[in-house]
file protein_8.cif (mmCIF, C-alpha atoms (C1' of nucleotides))
data_my_file
loop_
_atom_site.label_atom_id
_atom_site.label_comp_id
_atom_site.auth_asym_id
_atom_site.auth_seq_id
_atom_site.Cartn_x
_atom_site.Cartn_y
_atom_site.Cartn_z
CA MET A 62 -9.26 43.55 -117.66
CA HIS A 63 -8.88 40.84 -115.08
CA MET A 64 -11.58 41.22 -112.47
CA THR A 65 -10.33 38.02 -110.92
CA THR A 66 -11.87 38.82 -107.58
CA LEU A 67 -15.36 39.67 -108.76
CA SER A 68 -18.22 37.21 -108.96
CA ASN A 69 -20.31 37.14 -112.11
CA LEU A 70 -23.02 39.15 -110.45
CA ARG A 71 -20.64 41.87 -109.40
CA GLN A 72 -18.85 41.86 -112.68
CA ASP A 73 -22.06 42.33 -114.59
CA PHE A 74 -23.12 45.17 -112.33
CA VAL A 75 -19.73 46.86 -112.58
CA LEU A 76 -19.67 46.62 -116.34
CA HIS A 77 -23.11 48.16 -116.55
CA PHE A 78 -22.14 51.08 -114.34
CA GLY A 79 -19.08 51.54 -116.51
CA GLU A 80 -21.19 51.78 -119.63
CA MET A 81 -23.71 54.09 -118.03
CA GLY A 82 -20.95 56.26 -116.61
CA SER A 83 -20.68 58.44 -119.67
CA ARG A 84 -24.42 59.08 -119.71
CA TRP A 85 -24.25 60.01 -116.07
CA GLY A 86 -21.49 62.53 -116.62
CA ILE A 87 -18.69 60.50 -115.13
CA ASN A 88 -16.37 58.28 -117.09
CA ARG A 89 -16.29 54.53 -117.41
CA THR A 90 -13.60 53.90 -114.83
CA VAL A 91 -15.20 56.18 -112.28
CA GLY A 92 -18.49 54.40 -112.78
CA GLN A 93 -16.83 51.04 -112.31
CA ILE A 94 -14.98 52.09 -109.20
CA TYR A 95 -18.21 53.33 -107.73
CA ALA A 96 -19.97 50.10 -108.61
CA VAL A 97 -17.33 47.95 -106.96
CA LEU A 98 -17.51 50.00 -103.81
CA PHE A 99 -21.28 50.04 -103.83
CA LEU A 100 -21.48 46.27 -103.73
CA ALA A 101 -18.54 45.68 -101.44
CA ASP A 102 -19.24 44.03 -98.09
CA GLU A 103 -16.51 46.02 -96.42
CA PRO A 104 -14.17 48.92 -97.18
CA LEU A 105 -11.76 48.44 -100.05
CA CYS A 106 -8.35 49.93 -100.60
CA ALA A 107 -7.12 51.29 -103.90
CA ASP A 108 -5.11 48.18 -104.69
CA GLU A 109 -8.12 45.95 -104.32
CA ILE A 110 -10.06 48.16 -106.69
CA GLN A 111 -7.22 48.10 -109.17
CA GLU A 112 -7.07 44.34 -108.93
CA ALA A 113 -10.81 44.04 -109.42
CA LEU A 114 -10.93 46.33 -112.45
CA GLY A 115 -7.55 45.78 -114.05
CA VAL A 116 -6.83 49.46 -114.68
CA SER A 117 -3.79 51.45 -113.74
CA ARG A 118 -3.12 52.47 -110.20
CA SER A 119 -3.14 56.14 -111.05
CA ASN A 120 -6.43 55.83 -112.84
CA VAL A 121 -7.93 54.36 -109.70
CA SER A 122 -6.45 57.17 -107.68
CA MET A 123 -7.92 59.82 -109.95
CA GLY A 124 -11.28 58.11 -110.03
CA LEU A 125 -11.41 57.94 -106.26
CA LYS A 126 -10.50 61.57 -106.07
CA GLU A 127 -13.34 62.47 -108.37
CA LEU A 128 -15.78 60.35 -106.39
CA GLN A 129 -14.65 62.08 -103.25
CA ALA A 130 -15.24 65.44 -104.90
CA TRP A 131 -18.77 64.21 -105.57
CA ARG A 132 -18.96 63.10 -101.91
CA LEU A 133 -20.02 59.69 -103.16
CA VAL A 134 -17.29 57.73 -101.40
CA ARG A 135 -15.95 57.98 -97.89
CA LEU A 136 -12.56 57.36 -96.49
CA SER A 137 -11.65 55.41 -93.40
CA HIS A 138 -8.59 53.85 -91.77
CA LYS A 139 -7.67 50.73 -89.90
CA PRO A 140 -5.38 50.82 -86.90
CA GLY A 141 -1.77 50.19 -87.80
CA ASP A 142 -2.47 50.42 -91.51
CA ARG A 143 -1.50 53.43 -93.53
CA ARG A 144 -3.74 52.71 -96.47
CA ASP A 145 -6.95 54.56 -97.25
CA TRP A 146 -10.05 52.41 -97.14
CA PHE A 147 -13.03 53.44 -99.21
CA THR A 148 -16.77 52.90 -98.85
CA THR A 149 -20.04 54.21 -100.21
CA PRO A 150 -22.62 55.37 -97.68
CA ASP A 151 -24.87 52.53 -96.50
CA ASP A 152 -27.97 54.65 -96.60
CA LEU A 153 -29.20 54.84 -100.16
CA TRP A 154 -31.28 57.91 -99.44
CA GLU A 155 -28.21 59.74 -98.40
CA ILE A 156 -26.65 58.80 -101.71
CA VAL A 157 -29.66 60.17 -103.56
CA ARG A 158 -29.53 63.41 -101.63
CA ILE A 159 -25.86 63.87 -102.36
CA LEU A 160 -26.30 62.98 -106.01
CA VAL A 161 -29.14 65.42 -106.55
CA GLU A 162 -27.40 68.16 -104.65
CA GLU A 163 -24.14 67.76 -106.51
CA ARG A 164 -25.87 67.61 -109.84
CA LYS A 165 -27.84 70.70 -109.03
CA LYS A 166 -24.60 72.43 -108.09
CA ARG A 167 -22.91 71.49 -111.34
CA GLU A 168 -25.74 71.51 -113.85
CA ILE A 169 -28.23 74.09 -112.58
CA ASP A 170 -26.66 76.67 -110.33
CA PRO A 171 -24.17 78.06 -112.85
CA THR A 172 -26.99 78.58 -115.31
CA LEU A 173 -29.20 80.24 -112.74
CA THR A 174 -26.39 82.63 -111.96
CA LYS A 175 -25.86 83.34 -115.62
CA LEU A 176 -29.56 83.95 -116.25
CA ARG A 177 -29.73 86.43 -113.40
CA GLU A 178 -26.67 88.17 -114.72
CA LEU A 179 -28.18 88.39 -118.20
CA GLU A 180 -31.38 89.82 -116.83
CA MET A 181 -29.46 92.66 -115.21
CA ALA A 182 -28.16 93.91 -118.52
CA LYS A 183 -30.43 96.46 -120.12
CA PRO A 184 -31.89 94.81 -123.18
CA CYS A 185 -31.65 96.56 -126.50
CA ALA A 186 -35.05 96.84 -128.13
CA SER A 187 -34.61 93.86 -130.39
CA ASP A 188 -34.01 91.65 -127.38
CA ALA A 189 -37.44 92.04 -125.87
CA HIS A 190 -38.45 88.49 -126.63
CA ALA A 191 -35.15 86.95 -125.64
CA HIS A 192 -35.16 88.91 -122.42
CA ALA A 193 -38.65 87.70 -121.57
CA ARG A 194 -37.71 84.14 -122.38
CA ILE A 195 -34.70 84.30 -120.11
CA ALA A 196 -36.80 85.72 -117.29
CA GLU A 197 -39.35 82.99 -117.77
CA LEU A 198 -36.67 80.33 -117.68
CA ARG A 199 -35.12 81.81 -114.56
CA GLU A 200 -38.48 81.82 -112.80
CA LEU A 201 -39.10 78.22 -113.72
CA ILE A 202 -35.74 77.10 -112.46
CA GLU A 203 -36.22 79.04 -109.25
CA MET A 204 -39.54 77.38 -108.68
CA MET A 205 -38.11 73.94 -109.25
CA THR A 206 -35.06 74.45 -107.07
CA GLY A 207 -37.32 75.90 -104.39
CA PHE A 208 -39.40 72.76 -104.52
CA TYR A 209 -36.27 70.67 -104.37
CA ASP A 210 -35.11 72.59 -101.29
CA GLU A 211 -38.37 71.84 -99.55
CA MET A 212 -38.15 68.17 -100.34
CA ALA A 213 -34.54 68.05 -99.23
CA ARG A 214 -35.60 69.47 -95.84
CA LEU A 215 -37.78 66.49 -95.08
CA GLU A 216 -36.45 63.65 -93.04
CA THR A 217 -36.14 60.50 -95.04
CA GLU A 218 -39.16 58.91 -93.43
CA ARG A 219 -41.41 61.74 -94.55
CA LEU A 220 -39.84 61.88 -97.94
CA VAL A 221 -40.70 58.22 -98.37
CA ALA A 222 -44.24 58.86 -97.14
CA LEU A 223 -44.59 61.65 -99.69
CA MET A 224 -43.28 59.51 -102.49
CA LYS A 225 -45.58 56.66 -101.60
CA MET A 226 -48.66 58.83 -101.70
CA GLY A 227 -49.33 57.81 -105.25
CA ARG A 228 -52.65 58.95 -106.58
CA LYS A 229 -53.27 60.96 -103.40
CA LEU A 230 -50.75 63.46 -104.69
CA GLY A 231 -53.22 64.68 -107.25
CA LYS A 232 -55.94 64.96 -104.63
CA ILE A 233 -53.88 67.32 -102.54
CA VAL A 234 -53.69 69.93 -105.21
CA SER A 235 -57.02 69.11 -106.77
CA GLY A 236 -58.70 72.29 -105.57
CA ALA A 237 -56.34 75.18 -105.60
CA SER A 238 -54.56 74.82 -102.30
CA VAL A 239 -54.38 72.23 -99.56
CA LEU A 240 -56.64 74.43 -97.48
CA SER A 241 -59.68 73.53 -99.50
CA LEU A 242 -58.94 69.91 -98.77
CA LYS A 243 -58.70 70.62 -95.10
CA LYS A 244 -62.17 72.12 -95.04
CA ALA A 245 -63.75 69.30 -97.01
CA MET B 297 -17.07 81.94 -135.02
CA HIS B 298 -18.97 84.80 -136.51
CA MET B 299 -22.30 85.13 -134.71
CA THR B 300 -22.90 88.24 -136.77
CA THR B 301 -26.63 88.05 -136.30
CA LEU B 302 -26.71 87.61 -132.54
CA SER B 303 -27.03 90.45 -130.06
CA ASN B 304 -24.69 90.50 -127.07
CA LEU B 305 -27.41 89.13 -124.85
CA ARG B 306 -28.10 86.21 -127.12
CA GLN B 307 -24.46 85.57 -127.74
CA ASP B 308 -23.72 85.39 -124.05
CA PHE B 309 -26.63 83.02 -123.48
CA VAL B 310 -25.61 80.82 -126.38
CA LEU B 311 -22.02 80.63 -125.23
CA HIS B 312 -23.14 79.63 -121.77
CA PHE B 313 -25.36 76.86 -123.09
CA GLY B 314 -22.46 75.68 -125.18
CA GLU B 315 -20.21 75.43 -122.16
CA MET B 316 -22.86 73.72 -120.07
CA GLY B 317 -23.67 71.33 -122.87
CA SER B 318 -21.04 68.81 -121.88
CA ARG B 319 -22.26 68.77 -118.28
CA TRP B 320 -25.75 68.21 -119.54
CA GLY B 321 -24.78 65.26 -121.67
CA ILE B 322 -25.01 66.99 -125.02
CA ASN B 323 -22.11 68.60 -126.80
CA ARG B 324 -21.20 72.22 -127.20
CA THR B 325 -22.71 72.71 -130.62
CA VAL B 326 -25.94 71.00 -129.70
CA GLY B 327 -26.21 73.20 -126.64
CA GLN B 328 -25.62 76.29 -128.72
CA ILE B 329 -28.12 75.32 -131.36
CA TYR B 330 -30.69 74.77 -128.68
CA ALA B 331 -29.91 78.11 -127.09
CA VAL B 332 -30.29 79.99 -130.36
CA LEU B 333 -33.63 78.37 -130.98
CA PHE B 334 -34.78 78.90 -127.45
CA LEU B 335 -34.35 82.65 -127.71
CA ALA B 336 -35.50 83.01 -131.27
CA ASP B 337 -38.59 85.12 -131.91
CA GLU B 338 -39.62 82.93 -134.76
CA PRO B 339 -38.67 79.65 -136.40
CA LEU B 340 -35.15 79.43 -137.79
CA CYS B 341 -33.80 77.39 -140.66
CA ALA B 342 -30.54 75.49 -140.56
CA ASP B 343 -28.70 78.15 -142.52
CA GLU B 344 -29.62 80.83 -140.06
CA ILE B 345 -28.34 78.71 -137.23
CA GLN B 346 -25.13 78.05 -139.09
CA GLU B 347 -24.73 81.74 -139.73
CA ALA B 348 -25.36 82.56 -136.09
CA LEU B 349 -22.91 79.99 -134.74
CA GLY B 350 -20.27 79.83 -137.43
CA VAL B 351 -20.05 76.05 -137.51
CA SER B 352 -20.31 73.75 -140.47
CA ARG B 353 -23.58 73.02 -142.13
CA SER B 354 -23.35 69.32 -141.43
CA ASN B 355 -22.65 69.93 -137.80
CA VAL B 356 -25.84 71.95 -137.57
CA SER B 357 -27.70 69.19 -139.31
CA MET B 358 -26.43 66.56 -136.89
CA GLY B 359 -27.13 68.76 -133.91
CA LEU B 360 -30.68 69.36 -135.04
CA LYS B 361 -31.14 65.68 -135.56
CA GLU B 362 -30.00 64.97 -132.04
CA LEU B 363 -32.28 67.65 -130.62
CA GLN B 364 -35.15 66.12 -132.53
CA ALA B 365 -34.29 62.74 -131.06
CA TRP B 366 -34.56 64.41 -127.66
CA ARG B 367 -37.89 65.93 -128.81
CA LEU B 368 -36.54 69.31 -127.80
CA VAL B 369 -37.02 71.01 -131.14
CA ARG B 370 -39.93 70.95 -133.53
CA LEU B 371 -40.08 71.19 -137.24
CA SER B 372 -42.41 73.32 -139.30
CA HIS B 373 -42.75 74.56 -142.86
CA LYS B 374 -43.75 77.70 -144.68
CA PRO B 375 -45.88 77.60 -147.79
CA GLY B 376 -43.83 77.59 -150.96
CA ASP B 377 -40.59 77.05 -149.08
CA ARG B 378 -38.83 73.73 -149.00
CA ARG B 379 -36.67 74.44 -146.00
CA ASP B 380 -37.23 73.00 -142.55
CA TRP B 381 -37.95 75.60 -139.90
CA PHE B 382 -37.12 74.81 -136.32
CA THR B 383 -38.51 75.95 -133.00
CA THR B 384 -38.45 75.01 -129.35
CA PRO B 385 -41.80 74.55 -127.63
CA ASP B 386 -43.15 77.82 -126.22
CA ASP B 387 -44.35 76.22 -123.04
CA LEU B 388 -41.41 75.82 -120.71
CA TRP B 389 -43.21 73.21 -118.64
CA GLU B 390 -43.53 71.06 -121.68
CA ILE B 391 -39.79 71.36 -122.15
CA VAL B 392 -39.21 70.28 -118.57
CA ARG B 393 -41.48 67.29 -118.96
CA ILE B 394 -39.73 66.19 -122.10
CA LEU B 395 -36.31 66.72 -120.59
CA VAL B 396 -37.06 64.71 -117.48
CA GLU B 397 -38.73 61.96 -119.43
CA GLU B 398 -35.90 61.64 -121.92
CA ARG B 399 -33.29 61.69 -119.22
CA LYS B 400 -35.14 59.04 -117.30
CA LYS B 401 -35.29 56.95 -120.45
CA ARG B 402 -31.58 57.25 -121.08
CA GLU B 403 -30.12 57.38 -117.59
CA ILE B 404 -32.46 55.38 -115.39
CA ASP B 405 -34.49 52.85 -117.32
CA PRO B 406 -31.56 50.83 -118.67
CA THR B 407 -30.21 50.49 -115.15
CA LEU B 408 -33.56 49.48 -113.74
CA THR B 409 -33.79 46.79 -116.38
CA LYS B 410 -30.30 45.61 -115.58
CA LEU B 411 -30.96 45.51 -111.84
CA ARG B 412 -34.08 43.42 -112.35
CA GLU B 413 -32.15 41.08 -114.58
CA LEU B 414 -29.39 40.71 -111.99
CA GLU B 415 -31.91 39.97 -109.28
CA MET B 416 -33.27 37.07 -111.30
CA ALA B 417 -29.95 35.28 -111.28
CA LYS B 418 -29.56 32.96 -108.33
CA PRO B 419 -26.87 34.46 -106.15
CA CYS B 420 -23.95 32.34 -105.10
CA ALA B 421 -23.49 32.39 -101.34
CA SER B 422 -20.78 35.02 -101.35
CA ASP B 423 -23.08 37.42 -103.16
CA ALA B 424 -25.63 37.74 -100.40
CA HIS B 425 -24.69 41.29 -99.58
CA ALA B 426 -24.34 42.40 -103.17
CA HIS B 427 -27.66 40.83 -104.01
CA ALA B 428 -29.36 42.66 -101.16
CA ARG B 429 -27.76 45.91 -102.16
CA ILE B 430 -28.98 45.53 -105.72
CA ALA B 431 -32.50 44.79 -104.51
CA GLU B 432 -32.42 47.81 -102.27
CA LEU B 433 -31.26 50.01 -105.11
CA ARG B 434 -33.93 48.68 -107.41
CA GLU B 435 -36.63 49.38 -104.85
CA LEU B 436 -35.39 52.90 -104.37
CA ILE B 437 -35.36 53.62 -108.06
CA GLU B 438 -38.83 52.15 -108.45
CA MET B 439 -40.15 54.34 -105.71
CA MET B 440 -38.63 57.44 -107.24
CA THR B 441 -39.80 56.70 -110.76
CA GLY B 442 -43.24 55.91 -109.38
CA PHE B 443 -43.29 59.31 -107.73
CA TYR B 444 -42.14 60.90 -110.93
CA ASP B 445 -44.94 59.19 -112.84
CA GLU B 446 -47.49 60.60 -110.43
CA MET B 447 -46.10 64.09 -110.79
CA ALA B 448 -46.00 63.78 -114.55
CA ARG B 449 -49.73 62.93 -114.53
CA LEU B 450 -50.65 66.27 -113.06
CA GLU B 451 -51.71 69.09 -115.30
CA THR B 452 -49.25 71.93 -115.26
CA GLU B 453 -51.45 74.12 -113.14
CA ARG B 454 -51.55 71.56 -110.37
CA LEU B 455 -47.91 70.80 -110.69
CA VAL B 456 -47.20 74.48 -110.14
CA ALA B 457 -49.56 74.53 -107.18
CA LEU B 458 -47.72 71.58 -105.69
CA MET B 459 -44.33 73.15 -106.24
CA LYS B 460 -45.46 76.41 -104.70
CA MET B 461 -46.66 74.74 -101.54
CA GLY B 462 -43.38 75.45 -99.87
CA ARG B 463 -43.35 74.69 -96.18
CA LYS B 464 -46.83 73.17 -96.44
CA LEU B 465 -45.23 70.19 -98.09
CA GLY B 466 -43.81 69.09 -94.78
CA LYS B 467 -47.16 69.52 -93.10
CA ILE B 468 -48.86 67.14 -95.46
CA VAL B 469 -46.72 64.23 -94.49
CA SER B 470 -46.21 65.31 -90.92
CA GLY B 471 -48.59 62.74 -89.52
CA ALA B 472 -48.42 59.54 -91.45
CA SER B 473 -50.86 60.10 -94.27
CA VAL B 474 -52.90 62.94 -95.66
CA LEU B 475 -55.96 61.44 -94.05
CA SER B 476 -54.96 62.61 -90.64
CA LEU B 477 -54.73 66.10 -92.03
CA LYS B 478 -58.18 65.82 -93.51
CA LYS B 479 -59.66 64.97 -90.15
CA ALA B 480 -57.86 67.74 -88.32
"C1'" DC C 83 18.66 60.23 -92.50
"C1'" DA C 84 17.91 56.24 -95.44
"C1'" DT C 85 14.11 53.19 -96.28
"C1'" DC C 86 9.75 51.37 -96.71
"C1'" DT C 87 4.84 51.86 -97.86
"C1'" DG C 88 1.57 54.07 -99.64
"C1'" DT C 89 -0.63 58.23 -102.44
"C1'" DT C 90 -0.52 61.88 -105.95
"C1'" DT C 91 0.95 64.30 -109.93
"C1'" DC C 92 1.99 64.83 -114.60
"C1'" DA C 93 3.42 64.59 -119.46
"C1'" DG C 94 2.67 61.96 -123.19
"C1'" DA C 95 -0.06 57.93 -125.39
"C1'" DA C 96 -4.38 56.01 -126.47
"C1'" DA C 97 -9.09 56.21 -127.11
"C1'" DT C 98 -13.18 58.58 -127.89
"C1'" DT C 99 -15.96 62.27 -129.37
"C1'" DT C 100 -16.84 66.03 -132.24
"C1'" DC C 101 -16.45 68.52 -136.50
"C1'" DT C 102 -15.77 69.25 -141.38
"C1'" DG C 103 -16.05 69.28 -146.50
"C1'" DA C 104 -17.36 66.60 -150.12
"C1'" DA C 105 -20.41 63.63 -152.06
"C1'" DA C 106 -24.88 61.35 -152.04
"C1'" DC C 107 -29.53 61.87 -151.82
"C1'" DG C 108 -34.47 63.49 -152.59
"C1'" DA C 109 -38.08 66.22 -154.13
"C1'" DC C 110 -39.72 69.40 -157.05
"C1'" DA C 111 -40.05 72.61 -161.36
"C1'" DG C 112 -39.42 73.42 -165.92
"C1'" DC D 7 -34.80 64.20 -168.05
"C1'" DT D 8 -32.10 67.83 -166.05
"C1'" DG D 9 -31.09 71.51 -163.01
"C1'" DT D 10 -32.00 73.62 -158.60
"C1'" DC D 11 -32.50 73.84 -153.77
"C1'" DG D 12 -32.32 71.82 -149.77
"C1'" DT D 13 -31.04 67.94 -146.34
"C1'" DT D 14 -28.27 63.92 -144.91
"C1'" DT D 15 -24.44 60.83 -144.71
"C1'" DC D 16 -19.82 59.64 -144.12
"C1'" DA D 17 -14.80 59.11 -143.90
"C1'" DG D 18 -11.10 61.38 -142.28
"C1'" DA D 19 -9.24 65.49 -139.46
"C1'" DA D 20 -9.26 67.92 -135.25
"C1'" DA D 21 -10.14 68.35 -130.58
"C1'" DT D 22 -11.05 66.58 -126.24
"C1'" DT D 23 -11.07 63.22 -122.76
"C1'" DT D 24 -9.23 59.37 -120.56
"C1'" DC D 25 -5.50 56.41 -119.26
"C1'" DT D 26 -0.83 55.06 -118.21
"C1'" DG D 27 3.88 54.52 -116.26
"C1'" DA D 28 7.30 56.98 -114.18
"C1'" DA D 29 8.64 60.20 -111.02
"C1'" DA D 30 7.60 63.10 -107.11
"C1'" DC D 31 5.81 63.28 -102.74
"C1'" DA D 32 4.45 62.21 -97.72
"C1'" DG D 33 4.98 60.40 -93.53
"C1'" DA D 34 6.21 56.71 -90.42
"C1'" DT D 35 10.05 53.61 -88.81
"C1'" DG D 36 14.49 51.85 -87.55
#

call {"tool": "encode", "arguments": {"input": "protein_8.cif", "output": "structure tokens"}}
result
Amino acid sequence: MHMTTLSNLRQDFVLHFGEMGSRWGINRTVGQIYAVLFLADEPLCADEIQEALGVSRSNVSMGLKELQAWRLVRLSHKPGDRRDWFTTPDDLWEIVRILVEERKKREIDPTLTKLRELEMAKPCASDAHAHARIAELRELIEMMTGFYDEMARLETERLVALMKMGRKLGKIVSGASVLSLKKA
Amino acid sequence: MHMTTLSNLRQDFVLHFGEMGSRWGINRTVGQIYAVLFLADEPLCADEIQEALGVSRSNVSMGLKELQAWRLVRLSHKPGDRRDWFTTPDDLWEIVRILVEERKKREIDPTLTKLRELEMAKPCASDAHAHARIAELRELIEMMTGFYDEMARLETERLVALMKMGRKLGKIVSGASVLSLKKA
DNA sequence: CATCTGTTTCAGAAATTTCTGAAACGACAG
DNA sequence: CTGTCGTTTCAGAAATTTCTGAAACAGATG
């Protein structure tokens, strides 16, 4: 590990993202690559990332590929330069949206599909409880993903407004529906 | 792998949870143990789980320990029986709350702490952009965890009401605050 | 078409995580 | 105290994941 080009601040940040990587379902190098790009003032090319992290060129290449699969880094070019230049989106909310969506796709959707499939099968008598439990779980997940879909619809400004509502959130659903609030 | 005691339905479910385990940040066996318990009609002891999954006794023990650390399984006893009997909470919403809280603890909180720490350090001139980016990220995470805290406060019934609001969600924040809605 | 610059692939090496059987441990009963 | 029944720990084995260097590839240029 060289990291000759990184300031202490950046280095510390990058190392942290590397460590957290495994908890986040990506590996250390991928986490570090993302961190470097996240802090970068301007687009970086693969060689600069390699230099900053001191890992092999192919490792950088694979990491970038994975980050592109996650849609977490973008690719651009400079005139008269064949290299790929990488950036993370400037807008943090966009990053959050992508992250949640991708995680949903990988961690939730396959299970939802499987649960629906299992519910189709006619349960043998002894499976009554299991069958009910699966149905219950499917309903819960559907409710939560439905809620997510609604939130994802909102423009960022409204999403922020919603999130900043704080204690008012409880008020809204304090009766049974928002309608009762309207009348009050 | 024997799984002699599991019906096809359960087996299929268990296998799926095993495969998803790695994406969820737990390992295959832990995922399978959880799945077996989730579907079980009544508490199971470690031996029954071992029998159902065909893995080693110690592996079951470690898996159960990890699930207990996640607070995803509970322990009970029967009179005149020394064995530990395990269950998952009946209430799925409780499971969701625990899951989100534990994931926040493991995946978010350490980073929030680190970001705050990094912000303390006086940035050298060249770190202006990085410093700003870190601050921006910290603010975003604080807003989201604040929102989460507010949601977590709600009793389940109200949480469900909120999640079922569907398109109304957009309406609430369509002006600037809920107050404008109240007056309407 | 040979060369130069850059990216990607891939098979094996290295590192990490997971799993196992054996032994240690603990609590209780006789 | 000793034997039984159960859980836990742990060091090494097995499996999986990650990483590397070398080779293949791609496309522009002279």

call {"tool": "resolve_selection", "arguments": {"input": "protein_8.cif", "expression": "the PyMOL selection byres ((chain D) within 9 of (chain A))", "output": "MDAnalysis selection string"}}
result
chainID D and resid 24:27 34

call {"tool": "interface_residues", "arguments": {"input": "protein_8.cif", "of": "chain B", "to": "chain A", "cutoff": "6 Å", "atoms": "all atoms listed in the file", "output": "PyMOL selection string"}}
result
chain B and resi 335+426+443+454+459+469+478

call {"tool": "atom_distance", "arguments": {"input": "protein_8.cif", "atom1": "CA of Glu435 in chain B", "atom2": "CA of Arg135 in chain A"}}
result
23.5 Å

call {"tool": "residues_around", "arguments": {"input": "protein_8.cif", "residues": "DG18 in chain D", "least_positions_apart": "2", "cutoff": "12 Å", "atoms": "only C-alpha atoms (C1' of nucleotides)", "output": "list in words"}}
result
DC101, DT102, DG103 and DA104 of chain C; DC16 and DA20 of chain D

call {"tool": "atom_distance", "arguments": {"input": "protein_8.cif", "atom1": "CA of Cys106 in chain A", "atom2": "C1' of DC86 in chain C"}}
result
18.6 Å

call {"tool": "interface_residues", "arguments": {"input": "protein_8.cif", "of": "chain C", "to": "chain A", "cutoff": "9 Å", "atoms": "all atoms listed in the file", "output": "JSON, numbers by chain"}}
result
{"C": [87, 88, 89, 90]}

call {"tool": "atom_distance", "arguments": {"input": "protein_8.cif", "atom1": "CA of Glu163 in chain A", "atom2": "CA of Glu203 in chain A"}}
result
16.8 Å

call {"tool": "resolve_selection", "arguments": {"input": "protein_8.cif", "expression": "the PyMOL selection byres ((chain C and resi 84) around 12)", "output": "PyMOL selection string"}}
result
(chain C and resi 83+85-86) or (chain D and resi 35-36)

call {"tool": "resolve_selection", "arguments": {"input": "protein_8.cif", "expression": "the PyMOL selection byres ((chain D and resi 9) around 12)", "output": "VMD selection string"}}
result
(chain C and resid 110 to 112) or (chain D and resid 7 to 8 10 to 11)

call {"tool": "residues_near_point", "arguments": {"input": "protein_8.cif", "point": "(-25.4, 63.5, -101.6)", "cutoff": "12 Å", "atoms": "only C-alpha atoms (C1' of nucleotides)", "output": "PyMOL selection string"}}
result
chain A and resi 128-135+149-150+152-166+213
